[in-house]
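Chemist: Okay, handing you the structure first.
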Number of protein chains: 2
Amino acid sequence: MPKWLTKDAPENDVIVSSRMRLARNLSDVPFPTKIKKPEDIEKVHDCAKQSILKSPEFTYSRLSDMDALGKRALIERHIISSELSRKQDSGLIKSSDESISVMIMEEDHYRLQSLVAGFSPNKAYSDVDLLDKMLSDGVSYAYDERLGFLTSCPTNAGTGLRASVMMHLPALTASRGIERISSMISKVGMTVRGAYGEGSAASGSFYQISNQVTLGVTEQEIIKRLTTTVKTVMDYERNTRKQMHKNLGIVLEDKIWRAIGVLKNARRMGYNEAQKLISDVALGVALGIVPKITSSELYSVMMDSRPAIIAEQKGKMTPQQRDIIRANMIRKVFNN
Amino acid sequence: MPKWLTKDAPENDVIVSSRMRLARNLSDVPFPTKIKKPEDIEKVHDCAKQSILKSPEFTYSRLSDMDALGKRALIERHIISSELSRKQDSGLIKSSDESISVMIMEEDHYRLQSLVAGFSPNKAYSDVDLLDKMLSDGVSYAYDERLGFLTSCPTNAGTGLRASVMMHLPALTASRGIERISSMISKVGMTVRGAYGEGSAASGSFYQISNQVTLGVTEQEIIKRLTTTVKTVMDYERNTRKQMHKNLGIVLEDKIWRAIGVLKNARRMGYNEAQKLISDVALGVALGIVPKITSSELYSVMMDSRPAIIAEQKGKMTPQQRDIIRANMIRKVFNN
């Protein structure tokens, strides 16, 4: 289980995690798209190292020193972007539980991030804010009195804050409520997208809701709007779940129990199937149909069963071998 | 579990049951197709009752006194034919465990039957022979010195014996070996047909192999030929299973364990699915993949999960309710 994913996070029947990301750049070094001089690049790295590595819970690595698998696993855990992994001069600072991290030399000099289990936007913000203070103590940020923080891409300027919540919305997915939500959400400057499965709504019914606007609003306003939006979606999802259970009754229960049966017994399993079945079980847990396992434990198995995360723990292997190891890992969890 | 289906029947990894059926008619009463007078019909019933009901393990019933459900359940257990159930003047004598029975006024005056678990054609024959002796003691059979026993349909004349074995052939079904077997079998005067599922090869891979020729051969010759044929098919099936396991490995094991997972957890299940999944598990038991359950127990659950047999035990219900009861029953068996 990822260490940041606690067993009894708030609202974890619907919400996997809350995440904050701040875009920051140094004032006296060209932005990553323009940067040329090696000493400038080193300066970007050094400033972050000097400010943040004071605290012993953080470690620094250069992406170019990591193997492809390690990078892929970090992407799967949503700690780094694939853009960062592709860059020659990029770096990463992260806390031991990976709840706090800094991507160095991605689109901006720094992308500060915090990740908290369940619905905790305020905790996530205070974590990233603390990190921001640590870093800003030693450096001078690119900042404009009128615009706020300056960023490579204007859509991130202003607060530089991207606040997001990962939600599990199986009932809204099944009832096609997601489409209605999507348009409602965009009206308040928010956006929803599939959290896993390469951009699509994906098999596991996981979605990321985040703010689209970073400029002309305060951090607190962004968090407040996100909170309101997420609460609305959460209520909508919970009501739809209850309605679904009421309407489908044993048809739904059968589907959920069969998912458990397969998870407990399969000898090989692809990631997409695992995601789908675990999503079914998570719905069952939320509806009180399935006892003895928590939503967070389910989210955790799902994360642990992603391809590169398995390979990171068990070594290089063929996709067929990985499907066997995934099934073994899942079977162990579900039979306990 | 049907009482005749013992836990450790011979060759029960491939063979469900052995069955013998003798066609007999009285000499001094017209055959069922021609019979008119009520007193003749009563005579057919009375002769059987007087000879066989001497033994207290037998009971007699008139089909017209049974409800539709009871008749349907007897058909599903292969104790009566649907032809017998449709006839106005038909009757049934059966032993308490249903291993020995007489259909009265089906196509012939009497169809004497015995049913034994596993591969036991000799035991099945000695049982039906004993029944034949009980009946023939009190009556005079329609018999021709040259032709042997006379029957309504000439294909049954001579010995009047239909000897059959019900086999579970999942590997030959999957590998399409059944078609080859079918033509091989017909060359030696035998026939193979799907045992369940209304004439087709059916979902559960169960087949009945029986003699086609009853005339011009002795009973012992029929049984000997059946034995040889069944042993050939049995070896073929066993080798194909081993080959399949060797070739497919974990792909096959995964399929079998998933079947167990669904059987242990589903909340509703149709008969066809149950048959298919139990067939998969039976293959797993035979290959040593699945422990703690015997082939005979699996055959028994399959029989117990047939529609009218469930309804007979639990009362009238909708197909939806039956699917729930079936799943509950199967779940209980597989979780023990």
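Chain identifiers are assigned as A, B, and so on, following the order in which chains appear in the structure tokens; residues are numbered from 1 within each chain, and ligands are numbered from 1 in order of appearance.
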Give me the residues of chain A that have any atom at most 10 Å from an atom of chain B; for each, the nearest atom pair and the distance in Å, rounded to one decimal. Use only C-alpha atoms, sort by chain and number, and format it as a Markdown table.

Modeler:
| residue | atom | partner | partner_atom | distance |
| --- | --- | --- | --- | --- |
| A:Ile250 | CA | B:Arg267 | CA | 6.8 |
| A:Val251 | CA | B:Arg268 | CA | 7.7 |
| A:Leu252 | CA | B:Arg267 | CA | 9.3 |
| A:Glu253 | CA | B:Arg267 | CA | 6.8 |
| A:Asp254 | CA | B:Arg267 | CA | 4.5 |
| A:Lys255 | CA | B:Ala266 | CA | 7.5 |
| A:Ile256 | CA | B:Ala266 | CA | 8.6 |
| A:Trp257 | CA | B:Asn265 | CA | 5.2 |
| A:Arg258 | CA | B:Ala266 | CA | 5.2 |
| A:Ala259 | CA | B:Val262 | CA | 8.0 |
| A:Ile260 | CA | B:Asn265 | CA | 7.3 |
| A:Gly261 | CA | B:Gly261 | CA | 3.9 |
| A:Val262 | CA | B:Gly261 | CA | 5.1 |
| A:Leu263 | CA | B:Gly261 | CA | 7.9 |
| A:Lys264 | CA | B:Gly261 | CA | 6.6 |
| A:Asn265 | CA | B:Trp257 | CA | 5.3 |
| A:Ala266 | CA | B:Arg258 | CA | 5.2 |
| A:Arg267 | CA | B:Asp254 | CA | 4.5 |
| A:Arg268 | CA | B:Asp254 | CA | 6.3 |
| A:Met269 | CA | B:Asp254 | CA | 8.9 |
| A:Ile324 | CA | B:Ile250 | CA | 8.5 |
| A:Ala327 | CA | B:Asp254 | CA | 9.5 |

Chemist: Any idea what's packed within 12 Å of Ile325 of chain A, counting only C-alpha atoms, ignoring anything in its chain fewer than 2 positions away? Could you give it as a VMD selection string?

Modeler: (chain A and resid 266 to 271 304 to 307 309 to 311 313 to 323 327 to 332) or (chain B and resid 250)

Chemist: Skip segment 18-26 of chain A itself and residues of its chain fewer than 6 positions away, then list as a ChimeraX atom specification all residues within 7 Å of it, counting only C-alpha atoms.

Modeler: /A:108-121,124-125,128,140-142,149,151,156,160-166

Chemist: Would you put the residues from that selection into a file with C-alpha atoms, as a PDB file, in the first residue's frame?

Modeler:
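To be explicit, this is the file written out as result_15.pdb:
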ATOM      1  CA  ASP A 108       8.167  24.997 -15.307  1.00  0.00           C
ATOM      2  CA  HIS A 109      11.305  25.072 -13.198  1.00  0.00           C
ATOM      3  CA  TYR A 110       9.346  23.584 -10.335  1.00  0.00           C
ATOM      4  CA  ARG A 111       6.107  21.742  -9.933  1.00  0.00           C
ATOM      5  CA  LEU A 112       5.428  21.384  -6.211  1.00  0.00           C
ATOM      6  CA  GLN A 113       2.981  18.677  -5.318  1.00  0.00           C
ATOM      7  CA  SER A 114       1.167  17.213  -2.357  1.00  0.00           C
ATOM      8  CA  LEU A 115      -1.064  14.203  -2.193  1.00  0.00           C
ATOM      9  CA  VAL A 116      -3.427  13.247   0.640  1.00  0.00           C
ATOM     10  CA  ALA A 117      -5.746  10.257   0.956  1.00  0.00           C
ATOM     11  CA  GLY A 118      -9.496  10.859   0.755  1.00  0.00           C
ATOM     12  CA  PHE A 119     -11.137  14.262   0.640  1.00  0.00           C
ATOM     13  CA  SER A 120      -8.638  16.624   2.280  1.00  0.00           C
ATOM     14  CA  PRO A 121      -8.061  19.629   0.023  1.00  0.00           C
ATOM     15  CA  ALA A 124      -3.176  18.986   0.761  1.00  0.00           C
ATOM     16  CA  TYR A 125      -2.969  22.747   0.322  1.00  0.00           C
ATOM     17  CA  VAL A 128       2.127  22.195  -0.637  1.00  0.00           C
ATOM     18  CA  SER A 140      13.427  34.594  -5.951  1.00  0.00           C
ATOM     19  CA  TYR A 141      10.319  33.501  -7.895  1.00  0.00           C
ATOM     20  CA  ALA A 142       9.238  34.907 -11.251  1.00  0.00           C
ATOM     21  CA  PHE A 149       3.279  33.822 -10.463  1.00  0.00           C
ATOM     22  CA  THR A 151       4.620  30.221 -15.739  1.00  0.00           C
ATOM     23  CA  ASN A 156      -0.995  28.151 -15.138  1.00  0.00           C
ATOM     24  CA  GLY A 160      -0.012  28.562 -10.336  1.00  0.00           C
ATOM     25  CA  LEU A 161      -2.330  26.230  -8.439  1.00  0.00           C
ATOM     26  CA  ARG A 162      -3.890  23.102  -9.862  1.00  0.00           C
ATOM     27  CA  ALA A 163      -6.157  21.565  -7.210  1.00  0.00           C
ATOM     28  CA  SER A 164      -7.607  18.177  -7.974  1.00  0.00           C
ATOM     29  CA  VAL A 165      -9.532  15.339  -6.409  1.00  0.00           C
ATOM     30  CA  MET A 166      -9.579  11.764  -7.655  1.00  0.00           C
TER      31      MET A 166
END

Chemist: Can you tell me, as a PyMOL selection string, what residues are no more than 12 Å from segment 180-194 of chain B when counting only C-alpha atoms, ignoring any on the same chain fewer than 2 positions away?

Modeler: chain B and resi 162-170+172-173+175-178+196-215+217+221-237

Chemist: Calculate how many Å separate atom CA of Glu273 of chain B from atom CA of Val290 of chain B, rounding to one decimal.

Modeler: 19.2 Å

Chemist: Apply DSSP to the structure's backbone, then extract all residues of segment 117-309 of chain B labelled helix (DSSP H, G or I) and return them as number ranges by chain.

Modeler: B: 121-138, 154-156, 170-174, 177-187, 219-248, 250-265, 271-286, 295-304, 307-309

Chemist: Mind checking DSSP for segment 204-241 of chain A and telling me the strand (DSSP E) residues as a PyMOL selection string?

Modeler: chain A and resi 206-211

Chemist: Can I get the selection written as a CSV table (one decimal), in the first residue's frame, with C-alpha atoms?

Modeler:
chain,number,residue,atom,x,y,z
A,206,PHE,CA,-12.0,6.8,-11.7
A,207,TYR,CA,-12.0,10.5,-12.5
A,208,GLN,CA,-9.9,13.5,-11.7
A,209,ILE,CA,-11.8,16.8,-11.1
A,210,SER,CA,-9.6,19.9,-11.1
A,211,ASN,CA,-9.7,23.7,-11.6

Chemist: Could you state the separation of atom CA of Met105 of chain B and atom CA of Ser27 of chain B in Å, given to one decimal place?

Modeler: 14.1 Å
